[in-house]
Structure formats: C-alpha cells, structure tokens
Amino acid sequence: MKMPSKKELLELQRRYKTDKKIGEVLGGVEPYLIAYWRRKKGIPAFSEPKYSQSQITEVWERFGNDKLGGEALGISGNAFRYWRKKYGITEKPERLKLEQMQLPLPGIKEFMGKDTRRSIIDKIILNKAADGSGEDQLALKPDRIFISNLDSGFLELSKSKSVTKQKNTNEIYALYPGNTIDEEHKEKLASICEKWNITNPSQGGQILDAVNNGYILPGELILGSDPAVISAGAVGALGLRVDGMDLIDSIGNDQVNIPKFNVSRIVLMDTPLKGCQPLDIVLFLKGKTKMKDFSSQSIEFGGDTVENLSLDKRFVLCYLARLFDCVSVCMECDKKTAKMIRRKAVMKFNTIKSDVGSVYSYSMSQSVLEIDPLLGIQQNGKISIESINENEGEKLDTIIIGYYSGGMYNDILDVDNILKKQNLPPRVRVLIRPATKDVLLRLEEEGIFRKLVVAGCSFLPPAPDFTDFVVPQIDSNMGRVMVTDPSALTIFPDDYPYPVYLANHQVAAATALSGCIKAPRL
C-alpha cells in the first residue's frame, strides 16, 4: 500500500487517535507499519488527555458548578475541579446560564420536590402515575399493552384472574407469532382478540414492527411480556417487561404496580469505527461496569453517538441493554427519528427531553472510539467478555445470525458483502434469522435471499423467540456455536459441553467463511 502523505496521516491521527485504529480504517494495515510511517514523516505518537480544555471550559461555562459539571461528564465534582484547575479555569462564568439559576423561591421545594430537574424516564413515570403508589412501589397507567404469547396458557391464566374485559379498547395490541401459528392456535387467538377487543392482531410480529408502524410513540409507557419491550426506549418511550399475571392484571385494572427504581445515565461520544456494532458497545460497557448492579436501575442513553444512530441501531442498542439486567432503557427521540415516526404514527405526539443538569443515581461517559469488536462467551451459565484476538483461530461448527441483533436488513446485507458469493465450508452450518417478515420479504425481492442460500446458508422464520420449533435439535451435535443475539443463548443449557460465543454479525460472517473465529476486514 502507498504511504499516505503527512497531511493525510495527521488527519487520520486526529480522527482515530491510535495506530491500531488508523490501520483498521486503511484496510487492515499493521500498527507497526503505521508507526513506521509516522516516524518517517516526523509525526509523534498521539497523546491527549481524557477531557480537553475546550470540553471542560464548555461545561464550566454552562453550569458554573463543579458538582453539576461532573455529573454532565459522568465524574465526581472533585474530579471535575481537578480538570478545571489543571487548565487554569478559576473565574466564574461571565454570563449566567439557565442551568445556574437555582433560585430559592418560597415554597418551590414543597411544590415541586427537592429538585425540579428531571430525566426523560422520571417525566414519563410522573405523567403515567396512578393511584396506589407507595414507598417501595409505583402504580402506573400504561398507554399500550403488547401481548407476545397468545396461547392457551395465556387464556387459562386470564380465566383464573377472572378478567372478562379491559377498560380501554385502544390499549391492547397482539404481537402475532407469524410462521409458528397452526390452525388450533389461530382459533384461540381469535377467541382472545374477540374477548378483549384486541386491535391489530396481525400488525407485525414483534416490537420492532410496532415501532416502525407507529404503534409505539415518544413519551408513552409500554407494557409487555417480551424482553424486547425495553426497545421501545429507542423512540423515547418507556418499555417495561412484566410477567403474564401482572400483564393480565393491567388489562383488567388499567394500571400496573412495579417496584420503584433509580435512573442511570450512560453518555456515548464520537462516531463508532467501522466494524463496531451496538453489541460491541454493550459488551464493552458491561465489562467496564461489571461490578455495578443495574437490576433496580433504568438506563438513559445519551451523547452524539446515540444522536447519529439509525432507528434500527437505536432499537438494537436498547434491546441489547437486557444484558445489563436493567429495568428499562430510554433515549431522547431526536428530530430525525420523530420525523420518521410521524409518517405512520397512530396519533399526534410530543417528544420529551431530559432537563439539563438532571441528577442520576449513576452516570458515566465513554468514547466509542476505544471500542473494538468483542466476544461474549457463555459457559456454565455465565458470560465472560474477551477480545477476538484472544480467541482467534478457534474452530466453530454452527453460526446463528439474527433476530434483532444481526437480523436487520442492513445487517444481513453486511453478511452478504462479506461472503462475496463464496461458498461456506461444508462442515459449517449457518442459520440466518431475519428480524421481521418485512426484512425477509425484502431480501427475497432483491435477490439476497437466493445468493445466501446458494452460498450454503439456511433461513429461520422471524418468530417471536428462539424455540426448539425454530431451531430444532439443540444438542451437542451442534458443536461449537456462535450467535449474534443474546436471546439465542437461552436455548443452550448450562451443561452444554462447549462454550457458546456471542459476537456481532460481521464477525459471525467472517467466522462462517473461514470456519474459525476471525475478525472481518472491512
């Protein structure tokens, strides 16, 4: 490869910082060669503090307070003061900003509480509050209820709770199970839909279809038994997963009771490198916060990384946050996303934003430029996180690409581009599961379905979850397995004899082509 000019190298270093990242952008050039080019051009190795002077100055001018400035950056007030003094920033801001106007008006605390600044999640909870909230629980009135398992078991459960009708006929939506439905199941489905006046029983098959078709809107409270319901946060709604009993109670009583939870904020900065997917971001964050318990936390994502994500990637990022075992996830609905939703929205809506200076129980910021593709390894019921380099060369037998993570249209297009019409090794079995029926039909219309089948891939139906019906013969005969979606991990028992690898769809495609774990060249 031709050596870049000094100007080009400086620009690459400004954008991507390290020799390793620059090499990846240039198509897999080794870091030592980038270092050699730098030395020849007289360019020193990149060195930059974690927070730049301009960044600290901007936050200080905005808040004028160490504690609030630290919260904005996800660090303590003392740490912010350290960075401020390091850059010699000692003067108070010349102009008073709204964030600094905490006026001691008489009775304001009694009227609005200790702090009037609220996050998106706090605002939604406040707007949906119902009678019955206590010290340890919240009583909430949902806007939408999504039922994912319309089967005889659900019908029997509703009989045991003596639920004969629901109060609002526009609240309940059935997630139609699609290809897994048989005639007997259809009759039971029709019975439930008639009994509860369920609207749009065939509107899509999953939460993603509901988002894309305007049945989940910003600021709404969504209930569902599907773990993917937390993905409603991609459009600024709040999705809460509840079990079948609570779901039926909410249908009959028009409200749900849940334990109180706190709100954490994760700020993601910069544009991800080519090859860094939402799964890698979540695995990295999970490894970085492995000592943090999120089981009673709702996570709010923010930052320019989130603002620049497509709706599909926003959805997948929220969906994958299930790996944190958190209560729910949410992010601001930006103008681009709101414009897309308004095209099909079932009603008018207003977007909600967090107040500047909102206080969170936990906050952190992370540049995604530091994140490379990673592996999650499930063994003996536990998941560890390792780099691809540590496992490169490990032979695999079965690759399962898809559902939401890896099953979007652009994801499968990436898989097709990596395979480049090459046939897969005979010993490697590749199963692709599109995220929705619409994705599958689009792949067929554009000829991608045929190309992947000719290459040796098999397609699974876009059913609501991984079951033995969808993925038959889950046993040791599948050998060493790699999946791209955490929902696929649940089909492998704790005593499965081999580790099960979790990786992004691009890594999975490169691995399928070589027959062993391998990072793709993009």
# chains A, B, ... in the order shown; residues from 1 in each chain; ligands from 1
call {"tool": "select_by_dssp", "arguments": {"residues": "region 323-470 of chain A", "states": "strand (DSSP E or B)", "output": "count of residues only"}}
result
36
call {"tool": "residues_around", "arguments": {"residues": "region 282-288 of chain A", "least_positions_apart": "2", "cutoff": "7 Å", "atoms": "only C-alpha atoms", "output": "PyMOL selection string"}}
result
chain A and resi 278-280+290+320-321+324+371+374+385
call {"tool": "closest_residue", "arguments": {"among": "A:Leu441, A:Val368, A:Ile172, A:Ala129", "to": "Leu273 (chain A)", "atoms": "only C-alpha atoms"}}
result
A:Val368
call {"tool": "residues_around", "arguments": {"residues": "Asp325 (chain A)", "least_positions_apart": "2", "cutoff": "12 Å", "atoms": "only C-alpha atoms", "output": "MDAnalysis selection string"}}
result
chainID A and resid 227 230 241 282 286 290 292:299 318:323 327:329 486
call {"tool": "residues_around", "arguments": {"residues": "Ile418 (chain A)", "least_positions_apart": "5", "cutoff": "12 Å", "atoms": "only C-alpha atoms", "output": "tab-separated table (two decimals) with all heavy atoms, in the first residue's frame"}}
result
chain	number	residue	atom	x	y	z
A	275	GLY	N	-16.99	-1.42	11.83
A	275	GLY	CA	-16.88	-2.74	12.45
A	275	GLY	C	-17.36	-2.77	13.88
A	275	GLY	O	-17.57	-3.84	14.45
A	411	ASP	N	-27.91	-5.46	8.33
A	411	ASP	CA	-27.01	-6.45	8.92
A	411	ASP	C	-26.82	-7.63	7.97
A	411	ASP	O	-25.68	-8.09	7.74
A	411	ASP	CB	-27.58	-6.97	10.25
A	411	ASP	CG	-27.68	-5.89	11.30
A	411	ASP	OD1	-27.03	-4.84	11.13
A	411	ASP	OD2	-28.40	-6.09	12.30
A	412	ILE	N	-27.91	-8.13	7.42
A	412	ILE	CA	-27.82	-9.29	6.51
A	412	ILE	C	-27.16	-8.88	5.21
A	412	ILE	O	-26.45	-9.68	4.57
A	412	ILE	CB	-29.22	-9.89	6.29
A	412	ILE	CG1	-29.79	-10.36	7.64
A	412	ILE	CG2	-29.18	-11.06	5.31
A	412	ILE	CD1	-31.19	-10.89	7.60
A	413	LEU	N	-27.34	-7.62	4.81
A	413	LEU	CA	-26.62	-7.10	3.64
A	413	LEU	C	-25.11	-7.12	3.90
A	413	LEU	O	-24.32	-7.45	3.02
A	413	LEU	CB	-27.10	-5.68	3.34
A	413	LEU	CG	-26.77	-5.11	1.96
A	413	LEU	CD1	-27.41	-5.94	0.87
A	413	LEU	CD2	-27.25	-3.67	1.87
A	423	ASN	N	-18.72	-19.88	-1.33
A	423	ASN	CA	-19.42	-20.95	-0.65
A	423	ASN	C	-18.83	-21.20	0.73
A	423	ASN	O	-17.61	-21.10	0.93
A	423	ASN	CB	-19.36	-22.25	-1.47
A	423	ASN	CG	-20.17	-22.14	-2.75
A	423	ASN	OD1	-21.14	-21.39	-2.80
A	423	ASN	ND2	-19.78	-22.88	-3.77
A	424	LEU	N	-19.68	-21.53	1.67
A	424	LEU	CA	-19.23	-21.80	3.03
A	424	LEU	C	-18.56	-23.16	3.11
A	424	LEU	O	-18.87	-24.07	2.32
A	424	LEU	CB	-20.42	-21.76	3.99
A	424	LEU	CG	-21.16	-20.41	4.08
A	424	LEU	CD1	-22.47	-20.59	4.84
A	424	LEU	CD2	-20.29	-19.39	4.78
A	452	LEU	N	-27.55	-15.98	-0.60
A	452	LEU	CA	-27.10	-16.55	0.67
A	452	LEU	C	-27.43	-18.04	0.75
A	452	LEU	O	-26.64	-18.83	1.29
A	452	LEU	CB	-27.72	-15.80	1.84
A	452	LEU	CG	-27.21	-14.36	2.03
A	452	LEU	CD1	-28.03	-13.62	3.08
A	452	LEU	CD2	-25.73	-14.37	2.44
A	455	ALA	N	-24.93	-19.85	-1.25
A	455	ALA	CA	-23.64	-19.89	-0.54
A	455	ALA	C	-23.61	-20.96	0.54
A	455	ALA	O	-22.53	-21.33	1.01
A	455	ALA	CB	-23.34	-18.53	0.07
A	505	HIS	N	-22.65	-9.44	13.86
A	505	HIS	CA	-22.95	-10.18	12.63
A	505	HIS	C	-21.78	-10.18	11.65
A	505	HIS	O	-21.62	-11.14	10.88
A	505	HIS	CB	-24.20	-9.60	11.96
A	505	HIS	CG	-24.06	-8.17	11.58
A	505	HIS	ND1	-24.25	-7.13	12.47
A	505	HIS	CD2	-23.76	-7.57	10.38
A	505	HIS	CE1	-24.06	-5.98	11.85
A	505	HIS	NE2	-23.76	-6.21	10.60
A	506	GLN	N	-20.95	-9.13	11.66
A	506	GLN	CA	-19.81	-9.08	10.74
A	506	GLN	C	-18.74	-10.09	11.15
A	506	GLN	O	-18.17	-10.78	10.30
A	506	GLN	CB	-19.24	-7.66	10.71
A	506	GLN	CG	-20.21	-6.66	10.08
A	506	GLN	CD	-19.73	-5.23	10.21
A	506	GLN	OE1	-19.04	-4.88	11.17
A	506	GLN	NE2	-20.09	-4.38	9.26
A	507	VAL	N	-18.50	-10.19	12.45
A	507	VAL	CA	-17.57	-11.21	12.96
A	507	VAL	C	-18.11	-12.60	12.65
A	507	VAL	O	-17.38	-13.50	12.23
A	507	VAL	CB	-17.35	-11.04	14.48
A	507	VAL	CG1	-16.52	-12.21	15.04
A	507	VAL	CG2	-16.66	-9.72	14.78
A	508	ALA	N	-19.43	-12.79	12.83
A	508	ALA	CA	-20.05	-14.09	12.58
A	508	ALA	C	-19.90	-14.49	11.11
A	508	ALA	O	-19.63	-15.66	10.80
A	508	ALA	CB	-21.52	-14.06	12.97
A	509	ALA	N	-20.06	-13.53	10.19
A	509	ALA	CA	-19.94	-13.83	8.77
A	509	ALA	C	-18.51	-14.21	8.40
A	509	ALA	O	-18.27	-15.18	7.66
A	509	ALA	CB	-20.40	-12.63	7.94
A	510	ALA	N	-17.54	-13.44	8.91
A	510	ALA	CA	-16.13	-13.76	8.64
A	510	ALA	C	-15.75	-15.11	9.25
A	510	ALA	O	-15.00	-15.88	8.65
A	510	ALA	CB	-15.23	-12.65	9.21
A	511	THR	N	-16.30	-15.40	10.42
A	511	THR	CA	-16.05	-16.68	11.09
A	511	THR	C	-16.65	-17.82	10.28
A	511	THR	O	-16.04	-18.88	10.12
A	511	THR	CB	-16.63	-16.66	12.50
A	511	THR	OG1	-15.98	-15.64	13.26
A	511	THR	CG2	-16.45	-18.00	13.20
A	512	ALA	N	-17.86	-17.64	9.76
A	512	ALA	CA	-18.52	-18.68	8.96
A	512	ALA	C	-17.72	-18.99	7.71
A	512	ALA	O	-17.60	-20.16	7.31
A	512	ALA	CB	-19.93	-18.21	8.59
A	513	LEU	N	-17.14	-17.97	7.10
A	513	LEU	CA	-16.40	-18.16	5.86
A	513	LEU	C	-15.10	-18.90	6.08
A	513	LEU	O	-14.68	-19.72	5.24
A	513	LEU	CB	-16.13	-16.79	5.23
A	513	LEU	CG	-15.74	-16.77	3.75
A	513	LEU	CD1	-16.80	-17.44	2.89
A	513	LEU	CD2	-15.51	-15.33	3.30
A	514	SER	N	-14.46	-18.66	7.23
A	514	SER	CA	-13.16	-19.30	7.49
A	514	SER	C	-13.29	-20.58	8.31
A	514	SER	O	-12.37	-21.39	8.36
A	514	SER	CB	-12.24	-18.33	8.22
A	514	SER	OG	-12.77	-17.99	9.49
A	519	ALA	N	-11.76	-11.91	12.84
A	519	ALA	CA	-12.27	-10.54	12.69
A	519	ALA	C	-12.39	-10.22	11.20
A	519	ALA	O	-11.51	-10.60	10.41
A	519	ALA	CB	-11.35	-9.55	13.37
A	520	PRO	N	-13.45	-9.56	10.78
A	520	PRO	CA	-13.62	-9.25	9.35
A	520	PRO	C	-12.70	-8.13	8.91
A	520	PRO	O	-12.31	-7.27	9.71
A	520	PRO	CB	-15.09	-8.83	9.26
A	520	PRO	CG	-15.38	-8.25	10.61
A	520	PRO	CD	-14.56	-9.04	11.59
A	521	ARG	N	-12.36	-8.11	7.64
A	521	ARG	CA	-11.62	-6.99	7.05
A	521	ARG	C	-12.64	-6.13	6.31
A	521	ARG	O	-13.19	-6.54	5.29
A	521	ARG	CB	-10.55	-7.49	6.08
A	521	ARG	CG	-9.37	-8.13	6.80
A	521	ARG	CD	-8.17	-8.19	5.89
A	521	ARG	NE	-6.97	-8.58	6.60
A	521	ARG	CZ	-5.75	-8.53	6.11
A	521	ARG	NH1	-5.58	-8.09	4.87
A	521	ARG	NH2	-4.70	-8.90	6.81
A	522	LEU	N	-12.90	-4.96	6.83
A	522	LEU	CA	-13.95	-4.10	6.27
A	522	LEU	C	-13.36	-2.91	5.52
A	522	LEU	O	-12.28	-2.46	5.86
A	522	LEU	CB	-14.86	-3.61	7.41
A	522	LEU	CG	-15.53	-4.73	8.23
A	522	LEU	CD1	-16.25	-4.14	9.42
A	522	LEU	CD2	-16.50	-5.51	7.35
call {"tool": "atom_distance", "arguments": {"atom1": "CA of Asp209 (chain A)", "atom2": "CA of Thr436 (chain A)"}}
result
7.2 Å
call {"tool": "residues_around", "arguments": {"residues": "Asp143 (chain A)", "least_positions_apart": "2", "cutoff": "7 Å", "atoms": "only C-alpha atoms", "output": "VMD selection string"}}
result
chain A and resid 141 171 220 to 222
call {"tool": "closest_residue", "arguments": {"among": "A:Asn257, A:Lys339, A:Arg429, A:Lys518", "to": "Glu392 (chain A)", "atoms": "only C-alpha atoms"}}
result
A:Lys518
